[in-house]
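For reference, the structure discussed in these notes is given below.
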Amino acid sequence: MSAIWLGMALFGAMLALMAARVPIAISMFVPGALGFAYLAGPAALLNHLKGLAYARLSVYDLSVIPLFLLMGQFATHGGLSRALFGLGNALIGHFRGGMAMASILACAAFGSICGSSVATAATVTQVALPEMRRHNYSGRLATATLAAGGTLGILIPPSVVLVVYGILAEQNIAKLFAAAFIPGFIAAALYLGAIFLYVRILPDQGPASERHSQAERIAMLKKVWPVAAIFLVVFGGIYGGLFTPTEGAAVGAASTLVTGFANRELDAAGIRNCFYGTASTTGMVFMIFLGADMLNAALALSQMPMKLAETVAASRLPPVAIVIAILVFYIVLGCVMDELSMILLTIPILLPAVMGLDLYGLDPTSKAIWFGILVLCVVEIGLIAPPVGLNVYVVNGFAPDVPMAETYRGVLPFLAADAVRVTLLILFPALSLWLVKVLT
Amino acid sequence: MERALELAGKALALSGGAILAAIALMAVASIIGRAAGHPIQGDFELVQVGCAVAIAFFLPHCQLERGNIIVDFFTVRSSARFRHSLDALGALLLAAVMALLAWRSGAGTAAMKAGGETSMIMGVPLWYAYALMTPAFALTALAGLYCAWRDWQQR
């Protein structure tokens, strides 16, 4: 059997298992193990499995993930989202659509200390949704804003998805984070623009409300400074060369814990819940890692990624057109799969093909970083796009009176903003790469 | 039995969380120590080994909480009975894979112990980590079996 056909068969088996509700990690592991045994023999498989788990779970660069997830849990249970939304609301909440804009700002700020989008969406929703509904914001605008705002959690560093990409693409994580800052700010700015236009056209959906006094604003500012301090210490330390990203995550986890204690938001029960939350998400992430590792080992044995890269390089299609085709493929795949499994599954296969293309004459490192940011942006679209946007589910779960279809309708302007951003990032690689040069 | 499984999963998850928090504090101490000219020797290794063990400890709780994501896009319209049957099958498959991993990492423990492999700087025998992770995989397999049984009951 030729390489491509065997690779396709493994892929097909994986998709069939996934469609049959087998956990994604296992859907990847089983065909991977069978393919490995077929290509290298059962004895080689049993030998490979002896060290697989430890080898995968003890990678130093991956240690950043549980630590960032723990930091996100402490931030979530430590009441930091309330302070962030409170400040945004005190500053701009009185404008038409202002509370929705304040929610976006709160998501962006929370995203700068949390690497997960579902966590960001859920925690900001809990404080912002009741406020918006109390001020007669439509369910459609309120829930859609929060679902879209949540995606800033993975866009703005730290980002679990970007760490995973960095490991697969063998790229420096600090550089990848640096590349994501400007696209993250562009995303937040475009979302604010989308809300601004939305409430111009449909003013009843986000009515203006009372102005806050200067004293209230200053009081809120005092509650928010720990978030800014944590962000500055973590990223200042990473880019100042004081510590590695993994150590940065450790510093972040320790300082969010201390902040939670100091604000009297975290007690023993709260910490237990943080540990349970970290356990569930970390377990999920690393199970997928183990499964993808097995499948990718089999695919590498089949030499399919190499053959595919040769085929693509020989196709003589315009390089940017190939990149766009890949991004469209991700958007389609994102309709049924989560962002992490998608990246783990496809990057080892597609990245060699992309690296073989001449894209704006970029050097290999810049190319890999730029492509990573583009992939991050498009997989994040799957979180809010129908039919199964995870963020939409999460936010809508907090608003029983808002039909799911309403939230999806409200998401459309934000999807348009996403399309604008991805186009900008494709046309101007410097938007991603400039800060990398400056910071590292 | 169910109670014991849930409790064991939670106890492991809490221990994993405690290990992770300890690692975070150790890393902070190490950064401060480095700045003050007294670095902690082998701090990177402690992070690696500690994280590997903590992650393994998280797996049983994750499965008991149904944290391992599935794709339900293709089955939203099928009957609840059919879906529960598929879920039982999926959990059974997970149990089989985790049992395989537990068995192999048990063999890995023996091989590591016999080979006397240690970490580079501190010289910690690596089989300690293997020996801690193996029972966690076995417990995840049990958790998968339990979930499969529960799904089958709900049909």
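Residue names in the structure tokens use chain letters A, B, ... in the order shown, residue numbers from 1 in each chain, and ligand numbers from 1 in the order shown.
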
Residues at most 8 Å from Leu20 (chain B), counting only C-alpha atoms, excluding those fewer than 6 positions away in the same chain, as a ChimeraX atom specification?
/A:66-67 /B:50-51,54

Requested in this report: Enumerate as a PyMOL selection string the residues belonging to chain B that approach chain A to within 8 Å, with only C-alpha atoms taken into account.
Outcome: chain B and resi 10+13-14+16-18+20-21+23-25+27-28+31+44+47-49+51-53+55-56+58-59+61-63+65+67-75+83+86-87+89-91+93-94+97+101+104-108+130

Requested in this report: Pull the helix (DSSP H, G or I) assignments for region 2-144 of chain B out of DSSP run on the backbone, and list those residues as a PyMOL selection string.
Outcome: chain B and resi 2-35+43-64+73-75+80-115+127-144

- Query: Which residue, A:Met132, A:Ala417, A:Ala229, A:Ala13, has the smallest gap to Arg96 (chain A) when you use only C-alpha atoms?
  - Reply: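 Using only C-alpha atoms, the shortest distance to Arg96 (chain A) belongs to A:Met132.
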
Discussion item. As a PyMOL selection string, please: the residues near Ser85 (chain B) (cut-off 7 Å, only C-alpha atoms, same-chain neighbours under 6 positions excluded).
Written reply: chain B and resi 151-152+155

With N, CA, C and O atoms retained, export the selected residues as a PDB file, in the first residue's frame.
ATOM      1  N   ASP B 151     -23.194   4.289  31.045  1.00  0.00           N
ATOM      2  CA  ASP B 151     -23.859   4.623  29.775  1.00  0.00           C
ATOM      3  C   ASP B 151     -24.771   3.484  29.331  1.00  0.00           C
ATOM      4  O   ASP B 151     -25.866   3.710  28.829  1.00  0.00           O
ATOM      5  N   TRP B 152     -24.287   2.247  29.523  1.00  0.00           N
ATOM      6  CA  TRP B 152     -25.066   1.085  29.098  1.00  0.00           C
ATOM      7  C   TRP B 152     -26.353   0.997  29.914  1.00  0.00           C
ATOM      8  O   TRP B 152     -27.424   0.704  29.386  1.00  0.00           O
ATOM      9  N   ARG B 155     -29.228   3.341  28.750  1.00  0.00           N
ATOM     10  CA  ARG B 155     -29.818   3.177  27.430  1.00  0.00           C
ATOM     11  C   ARG B 155     -31.335   3.191  27.484  1.00  0.00           C
ATOM     12  O   ARG B 155     -31.937   2.588  28.345  1.00  0.00           O
TER      13      ARG B 155
END

Surrounding residues of Ile156 (chain A) excluding itself and chain neighbours under 3 positions, 9 Å, only C-alpha atoms, as a ChimeraX atom specification = /A:108-109,111-115,151-153,159,177,180-185

| region 140-145 of chain A: which residues within 6 Å, counting only C-alpha atoms, same-chain residues fewer than 4 positions away excluded, as a PyMOL selection string? | chain A and resi 149+406-407+410-411

Let's have the selection written as a PDB file, in the first residue's frame, with C-alpha atoms.
ATOM      1  CA  GLY A 149     -14.927  38.241  23.112  1.00  0.00           C
ATOM      2  CA  GLU A 406     -30.376  34.453  18.234  1.00  0.00           C
ATOM      3  CA  THR A 407     -26.817  34.175  19.509  1.00  0.00           C
ATOM      4  CA  GLY A 410     -25.619  38.153  16.681  1.00  0.00           C
ATOM      5  CA  VAL A 411     -22.247  36.537  16.005  1.00  0.00           C
TER       6      VAL A 411
END

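The space separating CA of Ser366 (chain A) from CA of Val160 (chain A) comes to 20.1 Å.
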